[in-house]
$ cat run.txt   # compact mmCIF, N, CA and C atoms
# COMPACT_ATOMS: atom_id res chain seq x y z
N MET A 1 -8.71 19.06 -13.68
CA MET A 1 -8.52 17.75 -13.05
C MET A 1 -9.23 17.77 -11.70
N ASP A 2 -10.12 16.82 -11.49
CA ASP A 2 -10.77 16.68 -10.18
C ASP A 2 -9.84 15.81 -9.33
N VAL A 3 -9.06 16.47 -8.50
CA VAL A 3 -8.03 15.80 -7.72
C VAL A 3 -8.61 14.74 -6.81
N LEU A 4 -9.66 15.08 -6.09
CA LEU A 4 -10.23 14.11 -5.14
C LEU A 4 -10.84 12.90 -5.85
N ALA A 5 -11.47 13.13 -6.99
CA ALA A 5 -12.03 12.00 -7.76
C ALA A 5 -10.90 11.11 -8.26
N SER A 6 -9.81 11.71 -8.70
CA SER A 6 -8.66 10.92 -9.15
C SER A 6 -8.05 10.13 -8.01
N ALA A 7 -7.92 10.76 -6.85
CA ALA A 7 -7.37 10.07 -5.69
C ALA A 7 -8.29 8.92 -5.26
N LEU A 8 -9.60 9.15 -5.30
CA LEU A 8 -10.55 8.07 -4.98
C LEU A 8 -10.40 6.90 -5.94
N ALA A 9 -10.29 7.19 -7.22
CA ALA A 9 -10.12 6.12 -8.22
C ALA A 9 -8.83 5.35 -7.96
N HIS A 10 -7.77 6.07 -7.63
CA HIS A 10 -6.50 5.41 -7.33
C HIS A 10 -6.63 4.48 -6.12
N GLU A 11 -7.29 4.96 -5.07
CA GLU A 11 -7.44 4.15 -3.86
C GLU A 11 -8.33 2.93 -4.11
N LYS A 12 -9.34 3.07 -4.97
CA LYS A 12 -10.17 1.90 -5.32
C LYS A 12 -9.32 0.84 -6.01
N GLU A 13 -8.43 1.27 -6.89
CA GLU A 13 -7.52 0.33 -7.55
C GLU A 13 -6.62 -0.36 -6.53
N ALA A 14 -6.11 0.42 -5.58
CA ALA A 14 -5.23 -0.15 -4.56
C ALA A 14 -5.98 -1.16 -3.68
N VAL A 15 -7.21 -0.85 -3.32
CA VAL A 15 -8.02 -1.77 -2.53
C VAL A 15 -8.20 -3.08 -3.30
N ASN A 16 -8.54 -2.98 -4.56
CA ASN A 16 -8.72 -4.18 -5.38
C ASN A 16 -7.43 -4.98 -5.50
N LEU A 17 -6.31 -4.29 -5.66
CA LEU A 17 -5.02 -4.97 -5.79
C LEU A 17 -4.69 -5.74 -4.51
N TYR A 18 -4.80 -5.08 -3.37
CA TYR A 18 -4.45 -5.76 -2.12
C TYR A 18 -5.46 -6.84 -1.74
N ARG A 19 -6.71 -6.67 -2.13
CA ARG A 19 -7.69 -7.73 -1.91
C ARG A 19 -7.27 -8.97 -2.71
N TYR A 20 -6.90 -8.75 -3.96
CA TYR A 20 -6.45 -9.85 -4.81
C TYR A 20 -5.22 -10.53 -4.20
N LEU A 21 -4.25 -9.73 -3.77
CA LEU A 21 -3.03 -10.28 -3.19
C LEU A 21 -3.34 -11.09 -1.93
N ALA A 22 -4.22 -10.56 -1.09
CA ALA A 22 -4.56 -11.27 0.14
C ALA A 22 -5.25 -12.60 -0.16
N GLU A 23 -6.05 -12.62 -1.20
CA GLU A 23 -6.75 -13.86 -1.57
C GLU A 23 -5.82 -14.87 -2.24
N GLU A 24 -4.89 -14.37 -3.05
CA GLU A 24 -4.09 -15.26 -3.89
C GLU A 24 -2.70 -15.58 -3.36
N ALA A 25 -2.23 -14.89 -2.33
CA ALA A 25 -0.89 -15.18 -1.81
C ALA A 25 -0.80 -16.65 -1.42
N SER A 26 0.33 -17.26 -1.73
CA SER A 26 0.47 -18.69 -1.49
C SER A 26 0.84 -19.01 -0.04
N LEU A 27 1.26 -18.03 0.72
CA LEU A 27 1.68 -18.26 2.11
C LEU A 27 0.80 -17.46 3.07
N THR A 28 0.45 -18.07 4.18
CA THR A 28 -0.38 -17.40 5.18
C THR A 28 0.27 -16.12 5.69
N SER A 29 1.58 -16.14 5.90
CA SER A 29 2.27 -14.95 6.40
C SER A 29 2.13 -13.79 5.42
N LEU A 30 2.16 -14.07 4.14
CA LEU A 30 1.99 -13.00 3.14
C LEU A 30 0.54 -12.54 3.08
N LYS A 31 -0.38 -13.47 3.23
CA LYS A 31 -1.81 -13.10 3.26
C LYS A 31 -2.06 -12.10 4.38
N ARG A 32 -1.48 -12.35 5.54
CA ARG A 32 -1.67 -11.44 6.68
C ARG A 32 -1.12 -10.05 6.38
N LEU A 33 0.04 -9.99 5.79
CA LEU A 33 0.63 -8.70 5.45
C LEU A 33 -0.25 -7.96 4.45
N PHE A 34 -0.70 -8.65 3.42
CA PHE A 34 -1.52 -8.01 2.40
C PHE A 34 -2.89 -7.60 2.94
N LEU A 35 -3.42 -8.36 3.89
CA LEU A 35 -4.68 -7.96 4.53
C LEU A 35 -4.50 -6.66 5.32
N ALA A 36 -3.37 -6.52 5.98
CA ALA A 36 -3.09 -5.28 6.72
C ALA A 36 -2.96 -4.10 5.76
N LEU A 37 -2.28 -4.31 4.65
CA LEU A 37 -2.15 -3.25 3.64
C LEU A 37 -3.52 -2.93 3.03
N LEU A 38 -4.34 -3.96 2.82
CA LEU A 38 -5.70 -3.76 2.31
C LEU A 38 -6.51 -2.89 3.27
N ARG A 39 -6.45 -3.21 4.55
CA ARG A 39 -7.19 -2.41 5.54
C ARG A 39 -6.74 -0.94 5.52
N ASP A 40 -5.46 -0.75 5.35
CA ASP A 40 -4.92 0.61 5.29
C ASP A 40 -5.45 1.36 4.06
N GLU A 41 -5.45 0.68 2.92
CA GLU A 41 -5.96 1.30 1.70
C GLU A 41 -7.46 1.58 1.82
N GLN A 42 -8.19 0.69 2.50
CA GLN A 42 -9.61 0.93 2.72
C GLN A 42 -9.83 2.18 3.58
N LYS A 43 -8.95 2.40 4.56
CA LYS A 43 -9.03 3.62 5.37
C LYS A 43 -8.79 4.85 4.51
N HIS A 44 -7.83 4.76 3.59
CA HIS A 44 -7.59 5.90 2.69
C HIS A 44 -8.86 6.19 1.89
N LEU A 45 -9.46 5.14 1.36
CA LEU A 45 -10.66 5.28 0.55
C LEU A 45 -11.80 5.91 1.38
N GLU A 46 -11.97 5.44 2.60
CA GLU A 46 -13.01 6.00 3.47
C GLU A 46 -12.75 7.47 3.78
N ARG A 47 -11.50 7.80 4.07
CA ARG A 47 -11.17 9.19 4.38
C ARG A 47 -11.44 10.09 3.18
N LEU A 48 -11.01 9.64 2.00
CA LEU A 48 -11.22 10.45 0.80
C LEU A 48 -12.71 10.56 0.47
N SER A 49 -13.45 9.47 0.63
CA SER A 49 -14.89 9.51 0.35
C SER A 49 -15.60 10.48 1.28
N GLY A 50 -15.30 10.38 2.57
CA GLY A 50 -15.91 11.27 3.54
C GLY A 50 -15.51 12.71 3.34
N PHE A 51 -14.25 12.91 3.01
CA PHE A 51 -13.74 14.26 2.78
C PHE A 51 -14.40 14.88 1.56
N ASN A 52 -14.53 14.08 0.52
CA ASN A 52 -15.14 14.56 -0.72
C ASN A 52 -16.60 14.98 -0.47
N ALA A 53 -17.28 14.26 0.41
CA ALA A 53 -18.69 14.56 0.69
C ALA A 53 -18.85 15.80 1.56
N THR A 54 -17.91 16.01 2.51
CA THR A 54 -18.08 17.09 3.48
C THR A 54 -17.02 18.18 3.39
N LEU A 55 -15.95 17.92 2.67
CA LEU A 55 -14.78 18.79 2.63
C LEU A 55 -14.15 18.99 4.01
N GLU A 56 -14.37 18.01 4.84
CA GLU A 56 -13.74 17.97 6.17
C GLU A 56 -13.17 16.57 6.36
N ASP A 57 -12.01 16.49 6.97
CA ASP A 57 -11.38 15.20 7.23
C ASP A 57 -11.77 14.76 8.64
N SER A 58 -12.47 13.66 8.72
CA SER A 58 -12.94 13.18 10.02
C SER A 58 -12.10 12.03 10.54
N GLY A 59 -11.09 11.65 9.82
CA GLY A 59 -10.33 10.48 10.22
C GLY A 59 -8.88 10.78 10.48
N ASP A 60 -8.26 9.83 11.10
CA ASP A 60 -6.84 9.88 11.32
C ASP A 60 -6.34 8.46 11.26
N CYS A 61 -5.64 8.14 10.23
CA CYS A 61 -5.15 6.77 10.09
C CYS A 61 -3.71 6.81 9.65
N LYS A 62 -2.86 7.03 10.60
CA LYS A 62 -1.43 7.12 10.30
C LYS A 62 -0.75 5.81 10.65
N PRO A 63 -0.54 4.96 9.65
CA PRO A 63 0.18 3.73 9.97
C PRO A 63 1.64 4.06 10.21
N GLU A 64 2.25 3.25 10.99
CA GLU A 64 3.68 3.41 11.23
C GLU A 64 4.37 2.17 10.69
N ASP A 65 5.65 2.33 10.41
CA ASP A 65 6.43 1.19 9.94
C ASP A 65 6.28 0.02 10.91
N ARG A 66 6.21 0.33 12.21
CA ARG A 66 6.12 -0.72 13.22
C ARG A 66 4.86 -1.56 13.05
N GLU A 67 3.78 -0.93 12.59
CA GLU A 67 2.54 -1.68 12.40
C GLU A 67 2.75 -2.82 11.41
N PHE A 68 3.45 -2.55 10.32
CA PHE A 68 3.66 -3.57 9.31
C PHE A 68 4.86 -4.46 9.64
N SER A 69 5.81 -3.94 10.39
CA SER A 69 7.00 -4.73 10.69
C SER A 69 6.68 -5.93 11.57
N ARG A 70 5.54 -5.89 12.26
CA ARG A 70 5.19 -7.04 13.09
C ARG A 70 4.89 -8.28 12.25
N PHE A 71 4.66 -8.09 10.96
CA PHE A 71 4.39 -9.24 10.09
C PHE A 71 5.67 -9.91 9.60
N PHE A 72 6.77 -9.17 9.60
CA PHE A 72 7.99 -9.71 9.02
C PHE A 72 8.58 -10.90 9.79
N PRO A 73 8.50 -10.93 11.12
CA PRO A 73 8.99 -12.15 11.79
C PRO A 73 8.23 -13.40 11.33
N GLN A 74 6.93 -13.26 11.09
CA GLN A 74 6.15 -14.39 10.60
C GLN A 74 6.61 -14.80 9.21
N ILE A 75 6.91 -13.81 8.39
CA ILE A 75 7.37 -14.09 7.03
C ILE A 75 8.74 -14.76 7.07
N VAL A 76 9.62 -14.27 7.94
CA VAL A 76 10.96 -14.84 8.07
C VAL A 76 10.88 -16.30 8.50
N GLU A 77 9.95 -16.60 9.40
CA GLU A 77 9.80 -17.96 9.90
C GLU A 77 9.10 -18.89 8.91
N ASP A 78 8.47 -18.34 7.93
CA ASP A 78 7.72 -19.14 6.96
C ASP A 78 8.69 -19.82 6.01
N ARG A 79 8.81 -21.10 6.15
CA ARG A 79 9.77 -21.87 5.33
C ARG A 79 9.40 -21.91 3.85
N GLY A 80 8.20 -21.50 3.52
CA GLY A 80 7.77 -21.54 2.13
C GLY A 80 8.31 -20.40 1.28
N ILE A 81 8.96 -19.41 1.89
CA ILE A 81 9.47 -18.25 1.15
C ILE A 81 10.41 -18.68 0.03
N GLU A 82 11.30 -19.61 0.35
CA GLU A 82 12.28 -20.03 -0.67
C GLU A 82 11.61 -20.68 -1.87
N GLY A 83 10.42 -21.23 -1.64
CA GLY A 83 9.74 -21.95 -2.70
C GLY A 83 8.76 -21.13 -3.52
N LEU A 84 8.66 -19.84 -3.25
CA LEU A 84 7.74 -19.02 -4.04
C LEU A 84 8.13 -19.06 -5.51
N CYS A 85 7.16 -19.15 -6.35
CA CYS A 85 7.45 -19.19 -7.78
C CYS A 85 7.90 -17.80 -8.25
N ARG A 86 8.67 -17.78 -9.28
CA ARG A 86 9.22 -16.52 -9.80
C ARG A 86 8.11 -15.56 -10.24
N GLU A 87 7.00 -16.10 -10.75
CA GLU A 87 5.90 -15.24 -11.19
C GLU A 87 5.30 -14.48 -10.01
N GLU A 88 5.17 -15.16 -8.87
CA GLU A 88 4.62 -14.51 -7.69
C GLU A 88 5.55 -13.40 -7.21
N VAL A 89 6.83 -13.69 -7.18
CA VAL A 89 7.82 -12.69 -6.76
C VAL A 89 7.84 -11.52 -7.74
N HIS A 90 7.77 -11.82 -9.02
CA HIS A 90 7.74 -10.76 -10.03
C HIS A 90 6.51 -9.87 -9.84
N PHE A 91 5.39 -10.49 -9.51
CA PHE A 91 4.17 -9.72 -9.29
C PHE A 91 4.34 -8.78 -8.09
N TYR A 92 5.00 -9.25 -7.03
CA TYR A 92 5.23 -8.38 -5.87
C TYR A 92 6.11 -7.19 -6.25
N ARG A 93 7.03 -7.41 -7.15
CA ARG A 93 7.85 -6.27 -7.63
C ARG A 93 6.99 -5.28 -8.42
N GLU A 94 6.04 -5.80 -9.17
CA GLU A 94 5.12 -4.92 -9.88
C GLU A 94 4.26 -4.13 -8.90
N VAL A 95 3.87 -4.76 -7.80
CA VAL A 95 3.10 -4.07 -6.76
C VAL A 95 3.94 -2.94 -6.17
N MET A 96 5.22 -3.20 -5.96
CA MET A 96 6.12 -2.17 -5.46
C MET A 96 6.14 -0.98 -6.41
N GLU A 97 6.17 -1.25 -7.71
CA GLU A 97 6.15 -0.17 -8.70
C GLU A 97 4.81 0.56 -8.69
N CYS A 98 3.72 -0.17 -8.45
CA CYS A 98 2.41 0.48 -8.33
C CYS A 98 2.41 1.46 -7.17
N GLU A 99 3.02 1.07 -6.07
CA GLU A 99 3.11 1.98 -4.91
C GLU A 99 3.98 3.20 -5.26
N ARG A 100 5.08 2.97 -5.96
CA ARG A 100 5.94 4.09 -6.37
C ARG A 100 5.15 5.04 -7.28
N ASN A 101 4.38 4.48 -8.19
CA ASN A 101 3.55 5.31 -9.08
C ASN A 101 2.48 6.05 -8.29
N GLY A 102 1.94 5.41 -7.26
CA GLY A 102 0.95 6.06 -6.41
C GLY A 102 1.52 7.29 -5.72
N ILE A 103 2.74 7.18 -5.26
CA ILE A 103 3.41 8.32 -4.62
C ILE A 103 3.53 9.46 -5.64
N SER A 104 3.91 9.13 -6.85
CA SER A 104 4.01 10.15 -7.91
C SER A 104 2.66 10.78 -8.20
N ARG A 105 1.63 9.95 -8.22
CA ARG A 105 0.28 10.48 -8.45
C ARG A 105 -0.10 11.49 -7.36
N TYR A 106 0.19 11.12 -6.11
CA TYR A 106 -0.16 12.03 -5.02
C TYR A 106 0.64 13.33 -5.10
N ARG A 107 1.88 13.26 -5.54
CA ARG A 107 2.65 14.50 -5.76
C ARG A 107 1.95 15.36 -6.81
N ASN A 108 1.48 14.72 -7.87
CA ASN A 108 0.76 15.42 -8.92
C ASN A 108 -0.55 16.01 -8.39
N TYR A 109 -1.27 15.22 -7.60
CA TYR A 109 -2.52 15.73 -7.01
C TYR A 109 -2.24 16.97 -6.17
N LEU A 110 -1.16 16.91 -5.39
CA LEU A 110 -0.81 18.05 -4.54
C LEU A 110 -0.49 19.30 -5.35
N SER A 111 0.16 19.10 -6.48
CA SER A 111 0.50 20.27 -7.30
C SER A 111 -0.73 20.84 -8.02
N ASN A 112 -1.81 20.08 -8.05
CA ASN A 112 -3.02 20.52 -8.74
C ASN A 112 -4.15 20.90 -7.80
N THR A 113 -3.86 21.02 -6.52
CA THR A 113 -4.88 21.46 -5.58
C THR A 113 -4.37 22.68 -4.82
N HIS A 114 -5.29 23.56 -4.49
CA HIS A 114 -4.90 24.79 -3.82
C HIS A 114 -5.56 24.91 -2.45
N ASP A 115 -6.48 24.04 -2.16
CA ASP A 115 -7.18 24.03 -0.89
C ASP A 115 -6.27 23.42 0.18
N GLU A 116 -6.03 24.15 1.25
CA GLU A 116 -5.11 23.69 2.30
C GLU A 116 -5.60 22.42 2.99
N LYS A 117 -6.89 22.27 3.18
CA LYS A 117 -7.42 21.06 3.82
C LYS A 117 -7.18 19.83 2.94
N SER A 118 -7.40 20.02 1.65
CA SER A 118 -7.15 18.92 0.71
C SER A 118 -5.68 18.58 0.68
N LYS A 119 -4.83 19.60 0.64
CA LYS A 119 -3.38 19.37 0.62
C LYS A 119 -2.93 18.58 1.84
N LYS A 120 -3.48 18.92 3.00
CA LYS A 120 -3.10 18.22 4.23
C LYS A 120 -3.47 16.74 4.14
N LEU A 121 -4.69 16.46 3.72
CA LEU A 121 -5.14 15.07 3.60
C LEU A 121 -4.31 14.31 2.56
N LEU A 122 -4.11 14.91 1.40
CA LEU A 122 -3.35 14.24 0.34
C LEU A 122 -1.90 14.01 0.76
N THR A 123 -1.33 14.93 1.50
CA THR A 123 0.05 14.76 1.98
C THR A 123 0.13 13.59 2.94
N GLU A 124 -0.82 13.50 3.87
CA GLU A 124 -0.83 12.37 4.81
C GLU A 124 -0.94 11.04 4.08
N ILE A 125 -1.84 10.97 3.13
CA ILE A 125 -2.02 9.71 2.40
C ILE A 125 -0.78 9.39 1.58
N MET A 126 -0.16 10.40 0.98
CA MET A 126 1.07 10.17 0.21
C MET A 126 2.17 9.60 1.11
N LEU A 127 2.30 10.13 2.31
CA LEU A 127 3.30 9.62 3.24
C LEU A 127 2.99 8.18 3.64
N GLN A 128 1.73 7.84 3.77
CA GLN A 128 1.34 6.47 4.08
C GLN A 128 1.64 5.55 2.90
N GLU A 129 1.44 6.05 1.69
CA GLU A 129 1.77 5.26 0.50
C GLU A 129 3.28 4.99 0.45
N ARG A 130 4.06 5.92 0.95
CA ARG A 130 5.51 5.72 1.01
C ARG A 130 5.84 4.56 1.96
N ILE A 131 5.11 4.49 3.06
CA ILE A 131 5.31 3.37 3.98
C ILE A 131 4.95 2.06 3.28
N HIS A 132 3.86 2.05 2.54
CA HIS A 132 3.47 0.84 1.79
C HIS A 132 4.57 0.44 0.81
N PHE A 133 5.09 1.43 0.10
CA PHE A 133 6.18 1.15 -0.85
C PHE A 133 7.36 0.50 -0.11
N ASP A 134 7.75 1.08 1.02
CA ASP A 134 8.89 0.54 1.77
C ASP A 134 8.63 -0.88 2.25
N VAL A 135 7.40 -1.16 2.68
CA VAL A 135 7.05 -2.50 3.15
C VAL A 135 7.16 -3.51 2.01
N VAL A 136 6.59 -3.18 0.86
CA VAL A 136 6.63 -4.12 -0.27
C VAL A 136 8.06 -4.26 -0.78
N LYS A 137 8.82 -3.18 -0.76
CA LYS A 137 10.22 -3.24 -1.18
C LYS A 137 11.01 -4.17 -0.25
N GLU A 138 10.83 -4.01 1.06
CA GLU A 138 11.51 -4.89 2.02
C GLU A 138 11.13 -6.35 1.77
N LEU A 139 9.87 -6.58 1.49
CA LEU A 139 9.42 -7.94 1.21
C LEU A 139 10.14 -8.49 -0.02
N CYS A 140 10.20 -7.72 -1.08
CA CYS A 140 10.85 -8.17 -2.31
C CYS A 140 12.34 -8.44 -2.09
N VAL A 141 13.00 -7.56 -1.35
CA VAL A 141 14.43 -7.76 -1.06
C VAL A 141 14.62 -9.03 -0.25
N PHE A 142 13.81 -9.23 0.76
CA PHE A 142 13.94 -10.42 1.59
C PHE A 142 13.73 -11.69 0.78
N ILE A 143 12.67 -11.71 -0.02
CA ILE A 143 12.39 -12.90 -0.82
C ILE A 143 13.54 -13.17 -1.79
N SER A 144 14.04 -12.13 -2.43
CA SER A 144 15.16 -12.30 -3.37
C SER A 144 16.39 -12.85 -2.68
N GLU A 145 16.67 -12.34 -1.49
CA GLU A 145 17.83 -12.85 -0.73
C GLU A 145 17.64 -14.32 -0.38
N GLN A 146 16.44 -14.70 0.02
CA GLN A 146 16.17 -16.08 0.39
C GLN A 146 16.30 -17.00 -0.82
N GLN A 147 15.79 -16.54 -1.94
CA GLN A 147 15.85 -17.39 -3.13
C GLN A 147 17.25 -17.48 -3.70
N SER A 148 18.05 -16.43 -3.57
CA SER A 148 19.40 -16.47 -4.12
C SER A 148 20.35 -17.28 -3.23
N SER A 149 19.96 -17.49 -1.97
CA SER A 149 20.83 -18.27 -1.08
C SER A 149 20.55 -19.76 -1.17
N LYS A 150 19.58 -20.14 -2.03
CA LYS A 150 19.26 -21.58 -2.17
C LYS A 150 20.38 -22.31 -2.84
$ encode --input "run.txt" --output "structure tokens"
Amino acid sequence: MDVLASALAHEKEAVNLYRYLAEEASLTSLKRLFLALLRDEQKHLERLSGFNATLEDSGDCKPEDREFSRFFPQIVEDRGIEGLCREEVHFYREVMECERNGISRYRNYLSNTHDEKSKKLLTEIMLQERIHFDVVKELCVFISEQQSSK
């Protein structure tokens, strides 16, 4: 298994997913959140691409929960949340599962690599994917609460 090639393919899928979400989200507040997640996934892709070419990690892109939490007040204030269609909300839950699967993939990548530099990079990206999962999960919980209180 070529771990880095697999991780690159995974990140390309994530970039495409968040690009789609940013383009198709029905609310501006959600578009902003998905654009931030897209930028983060693009950083992962760049780090993996550069690392694969040089076997050295030249980047440092550690998002923090606080980076994404700045979008939630905008989402809370967005009166359109209650009106999101069930299909859109269901899709966000699927995105959450994609992030959960991504974390599992990175665990698998880590178990299949023996190079310490690669392990360090993959561990950092896996931890960042965990933040993405938490962000999308919080979004889904919030939307569900808003829709159930209607």
$ residues_around --input "run.txt" --residues "segment 94-107 of chain A" --least-positions-apart "4" --cutoff "6 Å" --atoms "all atoms listed in the file" --output "ChimeraX atom specification"
/A:90,111,126,133,136-137
$ axis_aligned_box --input "run.txt" --around "segment 30-36 of chain A" --padding-each-side "8 Å" --output "JSON"
{"center_x": -1.3, "center_y": -9.1, "center_z": 4.6, "size_x": 22.8, "size_y": 26.0, "size_z": 20.3}
$ closest_residue --input "run.txt" --among "A:Tyr18, A:Leu35, A:Phe142, A:Gly50" --to "Pro73 of chain A" --atoms "only C-alpha atoms"
A:Phe142
$ atom_distance --input "run.txt" --atom1 "atom CA of Leu139 of chain A" --atom2 "atom CA of His44 of chain A"
22.0 Å
$ closest_residue --input "run.txt" --among "A:Val89, A:Ile81, A:Leu8, A:Leu21" --to "Gln146 of chain A" --atoms "all atoms listed in the file"
A:Ile81
$ select_by_dssp --input "run.txt" --residues "chain A" --states "helix (DSSP H, G or I)" --output "ChimeraX atom specification"
/A:3-24,28-54,65-69,72-77,79-83,86-111,116-148
$ decode --input "run.txt" --residues "segment 16-94 of chain A" --atoms "C-alpha atoms" --output "mmCIF file, in the first residue's frame"
data_model
loop_
_atom_site.group_PDB
_atom_site.id
_atom_site.type_symbol
_atom_site.label_atom_id
_atom_site.label_comp_id
_atom_site.auth_asym_id
_atom_site.auth_seq_id
_atom_site.Cartn_x
_atom_site.Cartn_y
_atom_site.Cartn_z
ATOM 1 C CA ASN A 16 -13.859 18.214 -4.013
ATOM 2 C CA LEU A 17 -16.485 17.539 -1.350
ATOM 3 C CA TYR A 18 -15.965 20.831 0.472
ATOM 4 C CA ARG A 19 -15.771 22.757 -2.804
ATOM 5 C CA TYR A 20 -19.158 21.291 -3.724
ATOM 6 C CA LEU A 21 -20.585 22.127 -0.286
ATOM 7 C CA ALA A 22 -19.281 25.691 -0.447
ATOM 8 C CA GLU A 23 -20.844 26.166 -3.874
ATOM 9 C CA GLU A 24 -24.161 24.490 -3.111
ATOM 10 C CA ALA A 25 -24.904 25.464 0.507
ATOM 11 C CA SER A 26 -28.172 27.354 0.628
ATOM 12 C CA LEU A 27 -27.056 29.786 3.348
ATOM 13 C CA THR A 28 -24.164 32.248 3.244
ATOM 14 C CA SER A 29 -23.136 31.349 6.797
ATOM 15 C CA LEU A 30 -22.759 27.696 5.784
ATOM 16 C CA LYS A 31 -20.873 28.639 2.620
ATOM 17 C CA ARG A 32 -18.328 30.493 4.768
ATOM 18 C CA LEU A 33 -17.851 27.516 7.060
ATOM 19 C CA PHE A 34 -17.417 25.111 4.158
ATOM 20 C CA LEU A 35 -14.963 27.478 2.453
ATOM 21 C CA ALA A 36 -12.843 27.466 5.615
ATOM 22 C CA LEU A 37 -12.947 23.663 5.723
ATOM 23 C CA LEU A 38 -12.073 23.605 2.007
ATOM 24 C CA ARG A 39 -9.017 25.801 2.603
ATOM 25 C CA ASP A 40 -7.932 23.483 5.385
ATOM 26 C CA GLU A 41 -8.270 20.404 3.176
ATOM 27 C CA GLN A 42 -6.317 22.197 0.439
ATOM 28 C CA LYS A 43 -3.511 22.768 2.967
ATOM 29 C CA HIS A 44 -3.513 19.044 3.749
ATOM 30 C CA LEU A 45 -3.273 18.289 0.040
ATOM 31 C CA GLU A 46 -0.406 20.759 -0.423
ATOM 32 C CA ARG A 47 1.491 19.374 2.563
ATOM 33 C CA LEU A 48 1.092 15.793 1.375
ATOM 34 C CA SER A 49 2.045 16.702 -2.207
ATOM 35 C CA GLY A 50 5.158 18.553 -1.094
ATOM 36 C CA PHE A 51 6.077 15.851 1.373
ATOM 37 C CA ASN A 52 5.657 13.142 -1.227
ATOM 38 C CA ALA A 53 7.986 15.022 -3.590
ATOM 39 C CA THR A 54 10.713 15.785 -1.029
ATOM 40 C CA LEU A 55 10.035 13.477 1.926
ATOM 41 C CA GLU A 56 10.251 16.582 4.070
ATOM 42 C CA ASP A 57 7.342 18.466 5.598
ATOM 43 C CA SER A 58 7.647 22.157 4.846
ATOM 44 C CA GLY A 59 4.326 23.243 6.234
ATOM 45 C CA ASP A 60 2.536 23.734 9.446
ATOM 46 C CA CYS A 61 -1.199 24.077 9.308
ATOM 47 C CA LYS A 62 -2.712 23.276 12.629
ATOM 48 C CA PRO A 63 -6.275 24.513 12.722
ATOM 49 C CA GLU A 64 -7.791 24.978 16.098
ATOM 50 C CA ASP A 65 -11.392 24.569 17.122
ATOM 51 C CA ARG A 66 -11.441 28.338 17.659
ATOM 52 C CA GLU A 67 -10.695 28.940 13.983
ATOM 53 C CA PHE A 68 -13.918 27.223 12.967
ATOM 54 C CA SER A 69 -15.960 28.280 15.983
ATOM 55 C CA ARG A 70 -15.900 31.873 14.752
ATOM 56 C CA PHE A 71 -18.358 30.797 12.055
ATOM 57 C CA PHE A 72 -20.949 29.427 14.460
ATOM 58 C CA PRO A 73 -22.264 32.796 15.695
ATOM 59 C CA GLN A 74 -23.021 33.643 12.064
ATOM 60 C CA ILE A 75 -24.794 30.326 11.632
ATOM 61 C CA VAL A 76 -26.770 30.828 14.848
ATOM 62 C CA GLU A 77 -27.890 34.260 13.649
ATOM 63 C CA ASP A 78 -28.891 32.946 10.242
ATOM 64 C CA ARG A 79 -32.664 32.684 10.353
ATOM 65 C CA GLY A 80 -32.645 30.314 7.395
ATOM 66 C CA ILE A 81 -31.343 27.376 9.464
ATOM 67 C CA GLU A 82 -34.835 26.276 10.451
ATOM 68 C CA GLY A 83 -35.832 26.205 6.804
ATOM 69 C CA LEU A 84 -33.078 23.944 5.508
ATOM 70 C CA CYS A 85 -34.517 21.056 3.584
ATOM 71 C CA ARG A 86 -34.124 17.590 5.056
ATOM 72 C CA GLU A 87 -32.009 16.466 2.088
ATOM 73 C CA GLU A 88 -29.440 19.174 2.781
ATOM 74 C CA VAL A 89 -29.282 18.269 6.466
ATOM 75 C CA HIS A 90 -29.025 14.578 5.602
ATOM 76 C CA PHE A 91 -26.135 15.361 3.279
ATOM 77 C CA TYR A 92 -24.311 17.182 6.095
ATOM 78 C CA ARG A 93 -24.688 14.056 8.216
ATOM 79 C CA GLU A 94 -23.136 12.064 5.385
#
